[in-house]
>>> print(open('target_1.cif').read())   # mmCIF, C-alpha atoms
data_final
#
loop_
_atom_site.label_atom_id
_atom_site.label_comp_id
_atom_site.auth_asym_id
_atom_site.auth_seq_id
_atom_site.Cartn_x
_atom_site.Cartn_y
_atom_site.Cartn_z
CA MET A 1 20.69 7.87 -22.76
CA ASP A 2 22.90 5.40 -20.92
CA ASN A 3 21.25 1.97 -21.10
CA LYS A 4 22.59 1.12 -17.66
CA HIS A 5 20.14 3.60 -16.18
CA MET A 6 17.07 2.65 -18.23
CA GLU A 7 14.12 1.59 -16.09
CA LEU A 8 10.61 0.29 -16.73
CA ASN A 9 7.34 1.77 -15.54
CA ILE A 10 3.73 1.74 -16.65
CA LEU A 11 1.14 4.34 -17.55
CA LEU A 12 -2.39 3.10 -16.96
CA VAL A 13 -5.03 4.88 -19.04
CA LYS A 14 -8.19 4.60 -16.95
CA PRO A 15 -11.64 3.88 -18.45
CA ASP A 16 -12.63 7.56 -18.73
CA GLY A 17 -9.31 8.36 -20.39
CA TYR A 18 -9.49 5.38 -22.73
CA ARG A 19 -13.00 6.32 -23.89
CA SER A 20 -11.73 9.70 -25.07
CA LYS A 21 -9.77 9.76 -28.31
CA ASP A 22 -8.53 13.25 -27.46
CA ILE A 23 -7.13 12.15 -24.10
CA ARG A 24 -5.47 9.08 -25.59
CA PHE A 25 -3.90 11.15 -28.36
CA LEU A 26 -2.59 13.62 -25.78
CA ILE A 27 -1.10 10.79 -23.70
CA TYR A 28 0.67 9.26 -26.70
CA THR A 29 1.99 12.70 -27.67
CA LEU A 30 3.22 13.43 -24.15
CA ILE A 31 4.97 10.07 -23.91
CA HIS A 32 7.04 10.93 -26.95
CA ALA A 33 7.68 14.50 -25.77
CA ALA A 34 8.85 13.26 -22.35
CA GLY A 35 11.50 11.06 -23.93
CA LEU A 36 9.85 7.81 -22.85
CA LYS A 37 10.40 4.75 -25.03
CA GLU A 38 7.20 2.77 -25.45
CA ILE A 39 7.90 -0.95 -25.10
CA SER A 40 4.34 -2.21 -25.62
CA ARG A 41 0.73 -1.50 -24.87
CA TYR A 42 -2.38 -3.58 -24.39
CA VAL A 43 -6.05 -3.14 -23.48
CA VAL A 44 -7.52 -4.79 -20.40
CA ASN A 45 -10.82 -4.88 -18.54
CA LEU A 46 -9.73 -4.71 -14.92
CA ARG A 47 -11.37 -6.81 -12.22
CA LYS A 48 -11.87 -5.90 -8.58
CA ALA A 49 -8.83 -7.96 -7.59
CA ASP A 50 -6.73 -5.96 -10.06
CA VAL A 51 -7.88 -2.71 -8.43
CA LEU A 52 -6.63 -3.94 -5.06
CA ASP A 53 -3.37 -5.09 -6.64
CA ILE A 54 -2.82 -1.50 -7.82
CA TRP A 55 -4.00 0.16 -4.59
CA PRO A 56 -3.65 -2.53 -1.88
CA LYS A 57 -4.47 -0.11 0.94
CA PHE A 58 -8.10 -0.12 -0.23
CA SER A 59 -8.42 -3.67 1.06
CA SER A 60 -8.19 -2.22 4.58
CA VAL A 61 -11.34 -1.91 6.67
CA LYS A 62 -10.47 1.79 7.01
CA TYR A 63 -11.35 2.57 3.39
CA PRO A 64 -14.62 0.85 2.36
CA ILE A 65 -15.92 3.87 0.42
CA SER A 66 -12.67 4.39 -1.46
CA ARG A 67 -12.72 0.71 -2.35
CA GLU A 68 -16.32 0.61 -3.62
CA LEU A 69 -15.98 3.79 -5.69
CA SER A 70 -12.65 2.60 -7.11
CA TYR A 71 -14.28 -0.66 -8.15
CA LEU A 72 -16.99 1.25 -10.00
CA TYR A 73 -14.50 3.59 -11.63
CA MET A 74 -11.82 1.14 -12.66
CA THR A 75 -13.92 -1.89 -13.68
CA GLY A 76 -16.53 0.08 -15.63
CA GLY A 77 -14.81 -0.07 -19.01
CA LEU A 78 -11.60 -0.81 -20.85
CA SER A 79 -8.25 0.48 -19.65
CA GLU A 80 -4.96 0.60 -21.52
CA VAL A 81 -1.60 -0.41 -20.09
CA ILE A 82 1.38 1.35 -21.67
CA ILE A 83 4.78 -0.04 -20.73
CA VAL A 84 7.56 2.51 -21.03
CA GLU A 85 11.28 2.73 -20.44
CA SER A 86 13.73 5.56 -19.84
CA ALA A 87 16.20 7.07 -17.45
CA ASP A 88 14.35 8.85 -14.62
CA VAL A 89 11.28 6.94 -15.71
CA GLU A 90 9.30 7.86 -12.59
CA GLY A 91 9.75 11.60 -13.11
CA ARG A 92 8.94 11.43 -16.81
CA CYS A 93 5.80 9.36 -16.25
CA ASP A 94 4.73 11.75 -13.51
CA SER A 95 5.08 14.69 -15.89
CA VAL A 96 2.75 12.95 -18.37
CA LYS A 97 0.18 12.28 -15.64
CA LYS A 98 0.28 15.85 -14.32
CA GLU A 99 -0.21 17.40 -17.76
CA VAL A 100 -3.14 15.12 -18.61
CA ARG A 101 -4.82 15.91 -15.31
CA ARG A 102 -4.10 19.62 -15.66
CA ARG A 103 -5.97 19.67 -18.95
CA TYR A 104 -8.75 17.19 -18.29
CA GLY A 105 -9.30 17.18 -14.52
CA ALA A 106 -7.82 15.64 -11.40
CA GLY A 107 -10.90 14.47 -9.51
CA MET A 108 -10.35 11.20 -7.69
CA PHE A 109 -12.73 9.31 -9.97
CA CYS A 110 -12.31 11.29 -13.19
CA ASN A 111 -8.56 11.80 -13.64
CA SER A 112 -7.93 9.66 -16.76
CA ILE A 113 -4.49 8.24 -15.97
CA HIS A 114 -2.43 6.54 -13.26
CA THR A 115 1.27 5.89 -12.91
CA PRO A 116 2.93 4.35 -9.85
CA SER A 117 5.45 6.27 -7.78
CA GLY A 118 8.16 5.12 -5.40
CA ASP A 119 10.26 2.00 -5.66
CA VAL A 120 7.72 -0.34 -4.06
CA GLU A 121 4.78 0.76 -6.23
CA ILE A 122 6.81 0.73 -9.44
CA LYS A 123 8.29 -2.70 -8.79
CA SER A 124 4.83 -4.05 -7.99
CA ALA A 125 3.25 -2.50 -11.09
CA VAL A 126 5.97 -3.79 -13.38
CA GLU A 127 5.62 -7.27 -11.90
CA LYS A 128 1.85 -7.23 -12.37
CA PHE A 129 1.46 -5.56 -15.77
CA VAL A 130 4.68 -6.51 -17.51
CA VAL A 131 5.00 -10.07 -16.22
CA CYS A 132 1.91 -11.56 -14.57
CA MET A 133 -0.92 -10.02 -16.64
CA GLN A 134 0.70 -11.20 -19.85
CA SER A 135 2.07 -14.57 -18.73
CA GLY A 136 -0.71 -15.67 -16.40
CA GLU A 137 1.73 -16.15 -13.55
CA PRO A 138 0.31 -15.53 -10.05
CA PHE A 139 0.85 -12.05 -8.64
CA LEU A 140 1.81 -11.42 -5.03
CA ARG A 141 0.23 -8.17 -3.85
CA HIS A 142 2.45 -5.93 -1.74
CA VAL A 143 1.24 -4.88 1.71
CA ASP A 144 0.02 -1.33 2.29
CA PHE A 145 -2.20 -0.62 5.29
CA GLY A 146 -2.53 3.09 4.43
CA GLU A 147 -1.22 5.91 6.57
CA THR A 148 -4.14 8.31 6.28
CA PRO A 149 -7.11 8.10 8.68
CA GLY A 150 -10.18 6.29 7.41
CA ILE A 151 -13.86 5.93 8.18
CA TRP A 152 -15.07 6.82 11.68
CA GLY A 153 -18.04 8.06 13.69
CA ARG A 154 -21.60 7.91 12.42
CA LEU A 155 -20.52 6.90 8.92
CA ALA A 156 -18.67 3.88 10.31
CA GLY A 157 -22.00 2.69 11.68
CA ALA A 158 -23.35 2.13 8.17
CA SER A 159 -23.10 -1.43 6.88
CA LEU A 160 -20.86 -2.29 3.95
CA CYS A 161 -24.00 -3.15 1.99
CA GLN A 162 -25.41 0.36 2.62
CA LEU A 163 -22.15 2.01 1.57
CA ARG A 164 -21.95 -0.12 -1.57
CA GLU A 165 -25.55 0.59 -2.56
CA THR A 166 -25.02 4.33 -2.07
CA ALA A 167 -21.88 4.28 -4.19
CA GLU A 168 -23.73 2.38 -6.93
CA THR A 169 -26.68 4.81 -6.84
CA ILE A 170 -24.41 7.81 -7.24
CA TRP A 171 -22.41 6.15 -9.99
CA LYS A 172 -25.61 5.51 -11.93
CA LEU A 173 -26.56 9.17 -11.56
CA LYS A 174 -23.14 10.14 -12.92
CA ASP A 175 -23.36 7.68 -15.81
CA VAL A 176 -26.73 9.05 -16.91
CA GLY A 177 -26.24 12.78 -16.35
CA GLY A 178 -22.52 13.30 -15.91
CA TRP A 179 -20.98 14.67 -12.73
CA GLU A 180 -23.42 17.61 -12.88
CA ALA A 181 -26.15 15.14 -11.87
CA ILE A 182 -24.70 14.71 -8.37
CA LYS A 183 -24.83 18.43 -7.50
CA ARG A 184 -27.03 19.43 -4.59
CA THR A 185 -29.00 22.64 -3.99
CA ARG A 186 -29.42 24.27 -0.56
CA LYS A 187 -32.09 26.41 1.03
CA PRO A 188 -31.38 30.11 0.45
CA GLY A 189 -29.55 32.22 3.02
CA ALA A 190 -27.44 35.35 3.23
CA TYR A 191 -24.19 33.36 3.36
CA VAL A 192 -23.17 29.96 2.01
CA ALA A 193 -20.66 27.56 3.54
CA TYR A 194 -18.69 25.56 0.97
CA LEU A 195 -16.62 22.42 1.24
CA LEU A 196 -13.48 22.84 -0.87
CA SER A 197 -11.50 20.21 -2.73
CA GLY A 198 -8.02 19.15 -1.70
CA ASP A 199 -8.78 16.95 1.33
CA PRO A 200 -5.33 15.60 2.28
CA HIS A 201 -6.75 12.60 4.13
CA SER A 202 -8.86 9.81 2.64
CA ILE A 203 -12.29 9.93 1.04
CA ASP A 204 -13.57 7.84 3.93
CA TYR A 205 -12.22 10.26 6.53
CA GLY A 206 -13.51 13.34 4.69
CA MET A 207 -16.99 11.91 4.29
CA SER A 208 -16.96 10.92 7.97
CA VAL A 209 -16.29 14.55 8.88
CA LEU A 210 -19.26 15.67 6.78
CA CYS A 211 -21.46 13.08 8.50
CA ASP A 212 -20.35 14.38 11.86
CA VAL A 213 -20.93 18.08 11.20
CA MET A 214 -24.18 17.48 9.26
CA PRO A 215 -26.03 14.92 11.42
CA GLU A 216 -29.28 15.38 9.49
CA TRP A 217 -27.71 14.16 6.25
CA GLY A 218 -28.11 10.66 4.89
CA LEU A 219 -25.49 8.67 3.01
CA GLU A 220 -26.39 9.90 -0.48
CA GLU A 221 -26.23 13.57 0.55
CA THR A 222 -22.84 13.01 2.16
CA PHE A 223 -21.37 11.13 -0.80
CA CYS A 224 -22.68 13.60 -3.38
CA THR A 225 -21.48 16.70 -1.55
CA TYR A 226 -17.98 15.37 -0.99
CA LEU A 227 -17.65 14.21 -4.61
CA GLU A 228 -19.08 17.47 -5.94
CA ALA A 229 -16.34 19.38 -4.12
CA ASP A 230 -13.71 16.99 -5.45
CA VAL A 231 -14.85 17.26 -9.07
CA PHE A 232 -15.86 20.92 -9.26
CA GLY A 233 -13.58 22.50 -6.66
CA ARG A 234 -16.24 23.28 -4.08
CA ALA A 235 -19.73 22.25 -2.99
CA PRO A 236 -22.34 24.16 -0.97
CA ILE A 237 -23.08 22.62 2.41
CA ALA A 238 -25.59 25.02 3.89
CA ALA A 239 -26.79 28.62 3.75
CA GLY A 240 -27.74 30.95 6.59
CA ASP A 241 -26.50 33.89 8.64
CA TYR A 242 -22.82 34.70 8.83
CA SER A 243 -22.28 33.42 12.36
CA ALA A 244 -23.79 29.99 11.69
CA MET A 245 -21.92 29.53 8.43
CA GLN A 246 -18.65 30.62 10.02
CA GLN A 247 -19.16 28.05 12.76
CA LEU A 248 -19.83 25.33 10.20
CA SER A 249 -16.76 26.28 8.19
CA ASN A 250 -14.63 26.30 11.33
CA ASP A 251 -15.89 22.85 12.30
CA LEU A 252 -14.74 21.44 8.96
CA VAL A 253 -11.37 23.17 9.07
CA ARG A 254 -10.73 22.08 12.64
CA ARG A 255 -11.13 18.48 11.48
CA GLY A 256 -8.64 18.93 8.65
CA LEU A 257 -10.84 19.72 5.63
CA PHE A 258 -10.91 22.92 3.59
CA ALA A 259 -13.92 25.23 3.64
CA GLU A 260 -14.97 28.80 2.99
CA ILE A 261 -18.01 31.04 3.36
CA CYS A 262 -19.26 33.48 0.73
CA ALA A 263 -22.10 35.93 0.50
CA ALA A 264 -24.93 34.37 -1.45
CA ALA A 265 -25.31 35.48 -5.05
CA HIS A 266 -28.40 37.53 -5.79
#
>>> encode(input="target_1.cif", output="structure tokens")
Amino acid sequence: MDNKHMELNILLVKPDGYRSKDIRFLIYTLIHAAGLKEISRYVVNLRKADVLDIWPKFSSVKYPISRELSYLYMTGGLSEVIIVESADVEGRCDSVKKEVRRRYGAGMFCNSIHTPSGDVEIKSAVEKFVVCMQSGEPFLRHVDFGETPGIWGRLAGASLCQLRETAETIWKLKDVGGWEAIKRTRKPGAYVAYLLSGDPHSIDYGMSVLCDVMPEWGLEETFCTYLEADVFGRAPIAAGDYSAMQQLSNDLVRRGLFAEICAAAH
């Protein structure tokens, strides 16, 4: 490779990835297979400020739920920073990330690995993890207000304290019983409406939609259902006759989420 085109980037092994020897071994193997030169690596226990340095848009008032869940995810254990170098470093790092997530899951709070993309993110990450984290120099966070819609409607009426407490409650459930512990059951019916994964907006927007279409739900029910769909691919919302479930599914789709209805299993 031509040294003139060598560039730095980082791979951040998140706490769930770092706890797994199998995932770490896969990451190290993929780094070599991708032609990335490892410059150094170190273990770090990230703080809340570090989380916002990585994803500055979560400091916006639009994304309080994303912020609180990211704090719980990213500060809940050790992470590993791997500094790498190569030509087309962004593409090679992205290929490592995609393969890890393909094998071990791509849920927003159980996806094992992060790597920045785009010139601004990469420059910021290199400055933070290659320079500032190791030298103690102050880090200047780049500005990102976030382009996707955030919290709105009934959910926006909840206080930050309520949102934080709900996030902490659900995280404790997950820590004790795994992601299976957040699954919800519904009253039986001939057809079931499901929320599907793949929301292209923000967590805060998607949960706000659920709050709007399911006005009888509290915060915990909303959080759990959205996260269940994200982790497992889909989550039941309600069961009933075909017409009612079709209407519910249409309401979700009209607001930009993904949904489907299926005949109930017997």
>>> resolve_selection(input="target_1.cif", expression="the PyMOL selection byres ((chain A and resi 187) around 9)", output="PyMOL selection string")
chain A and resi 185-186+188-189+238-240
>>> residues_around(input="target_1.cif", residues="segment 211-223 of chain A", least_positions_apart="5", cutoff="7 Å", atoms="only C-alpha atoms", output="ChimeraX atom specification")
/A:153-155,166
>>> residues_near_point(input="target_1.cif", point="(-15.4, 27.0, 8.3)", cutoff="12 Å", atoms="all atoms listed in the file", output="VMD selection string")
chain A and resid 191 to 196 213 236 to 238 242 to 262
>>> closest_residue(input="target_1.cif", among="A:Ile27, A:Ala263, A:Val231, A:Leu36", to="Ala87 of chain A", atoms="only C-alpha atoms")
A:Leu36
>>> residues_around(input="target_1.cif", residues="Ser202 of chain A", least_positions_apart="6", cutoff="8 Å", atoms="only C-alpha atoms", output="list in words")
Tyr63, Ser66, Thr148, Pro149 and Gly150 of chain A
>>> closest_residue(input="target_1.cif", among="A:Leu26, A:Cys132, A:Ile10, A:Ile31", to="Ser95 of chain A", atoms="all atoms listed in the file")
A:Ile31
>>> atom_distance(input="target_1.cif", atom1="atom CA of Glu121 of chain A", atom2="atom CA of Asp94 of chain A")
13.2 Å
>>> decode(input="target_1.cif", residues="segment 166-190 of chain A", atoms="N, CA and C atoms", output="PDB file, in the first residue's frame")
ATOM      1  N   THR A 166     -37.282   5.083  33.782  1.00  0.00           N
ATOM      2  CA  THR A 166     -37.797   3.992  32.955  1.00  0.00           C
ATOM      3  C   THR A 166     -36.660   3.279  32.243  1.00  0.00           C
ATOM      4  N   ALA A 167     -35.735   4.036  31.691  1.00  0.00           N
ATOM      5  CA  ALA A 167     -34.583   3.430  31.023  1.00  0.00           C
ATOM      6  C   ALA A 167     -33.787   2.566  32.002  1.00  0.00           C
ATOM      7  N   GLU A 168     -33.590   3.055  33.222  1.00  0.00           N
ATOM      8  CA  GLU A 168     -32.833   2.294  34.220  1.00  0.00           C
ATOM      9  C   GLU A 168     -33.564   1.021  34.631  1.00  0.00           C
ATOM     10  N   THR A 169     -34.895   1.100  34.764  1.00  0.00           N
ATOM     11  CA  THR A 169     -35.687  -0.083  35.114  1.00  0.00           C
ATOM     12  C   THR A 169     -35.556  -1.162  34.063  1.00  0.00           C
ATOM     13  N   ILE A 170     -35.665  -0.770  32.809  1.00  0.00           N
ATOM     14  CA  ILE A 170     -35.580  -1.738  31.717  1.00  0.00           C
ATOM     15  C   ILE A 170     -34.178  -2.314  31.606  1.00  0.00           C
ATOM     16  N   TRP A 171     -33.190  -1.481  31.831  1.00  0.00           N
ATOM     17  CA  TRP A 171     -31.805  -1.972  31.755  1.00  0.00           C
ATOM     18  C   TRP A 171     -31.529  -3.003  32.847  1.00  0.00           C
ATOM     19  N   LYS A 172     -32.099  -2.792  34.022  1.00  0.00           N
ATOM     20  CA  LYS A 172     -31.952  -3.772  35.095  1.00  0.00           C
ATOM     21  C   LYS A 172     -32.631  -5.092  34.730  1.00  0.00           C
ATOM     22  N   LEU A 173     -33.813  -5.006  34.115  1.00  0.00           N
ATOM     23  CA  LEU A 173     -34.474  -6.224  33.650  1.00  0.00           C
ATOM     24  C   LEU A 173     -33.579  -6.988  32.681  1.00  0.00           C
ATOM     25  N   LYS A 174     -32.987  -6.255  31.742  1.00  0.00           N
ATOM     26  CA  LYS A 174     -32.108  -6.867  30.742  1.00  0.00           C
ATOM     27  C   LYS A 174     -30.877  -7.472  31.390  1.00  0.00           C
ATOM     28  N   ASP A 175     -30.300  -6.778  32.361  1.00  0.00           N
ATOM     29  CA  ASP A 175     -29.091  -7.276  33.012  1.00  0.00           C
ATOM     30  C   ASP A 175     -29.343  -8.568  33.771  1.00  0.00           C
ATOM     31  N   VAL A 176     -30.534  -8.693  34.347  1.00  0.00           N
ATOM     32  CA  VAL A 176     -30.861  -9.885  35.139  1.00  0.00           C
ATOM     33  C   VAL A 176     -31.294 -11.043  34.240  1.00  0.00           C
ATOM     34  N   GLY A 177     -32.167 -10.773  33.271  1.00  0.00           N
ATOM     35  CA  GLY A 177     -32.749 -11.856  32.481  1.00  0.00           C
ATOM     36  C   GLY A 177     -32.427 -11.848  31.009  1.00  0.00           C
ATOM     37  N   GLY A 178     -31.514 -10.976  30.580  1.00  0.00           N
ATOM     38  CA  GLY A 178     -31.231 -10.865  29.155  1.00  0.00           C
ATOM     39  C   GLY A 178     -32.352 -10.109  28.455  1.00  0.00           C
ATOM     40  N   TRP A 179     -32.194  -9.920  27.155  1.00  0.00           N
ATOM     41  CA  TRP A 179     -33.200  -9.159  26.403  1.00  0.00           C
ATOM     42  C   TRP A 179     -34.553  -9.872  26.382  1.00  0.00           C
ATOM     43  N   GLU A 180     -34.574 -11.176  26.606  1.00  0.00           N
ATOM     44  CA  GLU A 180     -35.847 -11.904  26.682  1.00  0.00           C
ATOM     45  C   GLU A 180     -36.743 -11.338  27.784  1.00  0.00           C
ATOM     46  N   ALA A 181     -36.114 -10.785  28.821  1.00  0.00           N
ATOM     47  CA  ALA A 181     -36.875 -10.310  29.988  1.00  0.00           C
ATOM     48  C   ALA A 181     -37.733  -9.095  29.680  1.00  0.00           C
ATOM     49  N   ILE A 182     -37.458  -8.395  28.567  1.00  0.00           N
ATOM     50  CA  ILE A 182     -38.259  -7.201  28.263  1.00  0.00           C
ATOM     51  C   ILE A 182     -39.459  -7.523  27.383  1.00  0.00           C
ATOM     52  N   LYS A 183     -39.595  -8.773  26.922  1.00  0.00           N
ATOM     53  CA  LYS A 183     -40.695  -9.123  26.028  1.00  0.00           C
ATOM     54  C   LYS A 183     -42.036  -8.981  26.734  1.00  0.00           C
ATOM     55  N   ARG A 184     -43.037  -8.588  25.964  1.00  0.00           N
ATOM     56  CA  ARG A 184     -44.379  -8.391  26.485  1.00  0.00           C
ATOM     57  C   ARG A 184     -45.357  -9.359  25.825  1.00  0.00           C
ATOM     58  N   THR A 185     -46.349  -9.816  26.601  1.00  0.00           N
ATOM     59  CA  THR A 185     -47.408 -10.665  26.056  1.00  0.00           C
ATOM     60  C   THR A 185     -48.661  -9.821  25.870  1.00  0.00           C
ATOM     61  N   ARG A 186     -49.512 -10.231  24.928  1.00  0.00           N
ATOM     62  CA  ARG A 186     -50.751  -9.499  24.631  1.00  0.00           C
ATOM     63  C   ARG A 186     -51.955 -10.404  24.827  1.00  0.00           C
ATOM     64  N   LYS A 187     -53.107  -9.803  25.046  1.00  0.00           N
ATOM     65  CA  LYS A 187     -54.343 -10.575  25.123  1.00  0.00           C
ATOM     66  C   LYS A 187     -54.573 -11.277  23.795  1.00  0.00           C
ATOM     67  N   PRO A 188     -55.133 -12.484  23.830  1.00  0.00           N
ATOM     68  CA  PRO A 188     -55.311 -13.244  22.584  1.00  0.00           C
ATOM     69  C   PRO A 188     -56.321 -12.603  21.642  1.00  0.00           C
ATOM     70  N   GLY A 189     -56.145 -12.857  20.365  1.00  0.00           N
ATOM     71  CA  GLY A 189     -57.053 -12.374  19.331  1.00  0.00           C
ATOM     72  C   GLY A 189     -56.786 -13.126  18.043  1.00  0.00           C
ATOM     73  N   ALA A 190     -57.662 -12.986  17.090  1.00  0.00           N
ATOM     74  CA  ALA A 190     -57.520 -13.729  15.836  1.00  0.00           C
ATOM     75  C   ALA A 190     -56.317 -13.261  15.026  1.00  0.00           C
TER      76      ALA A 190
END
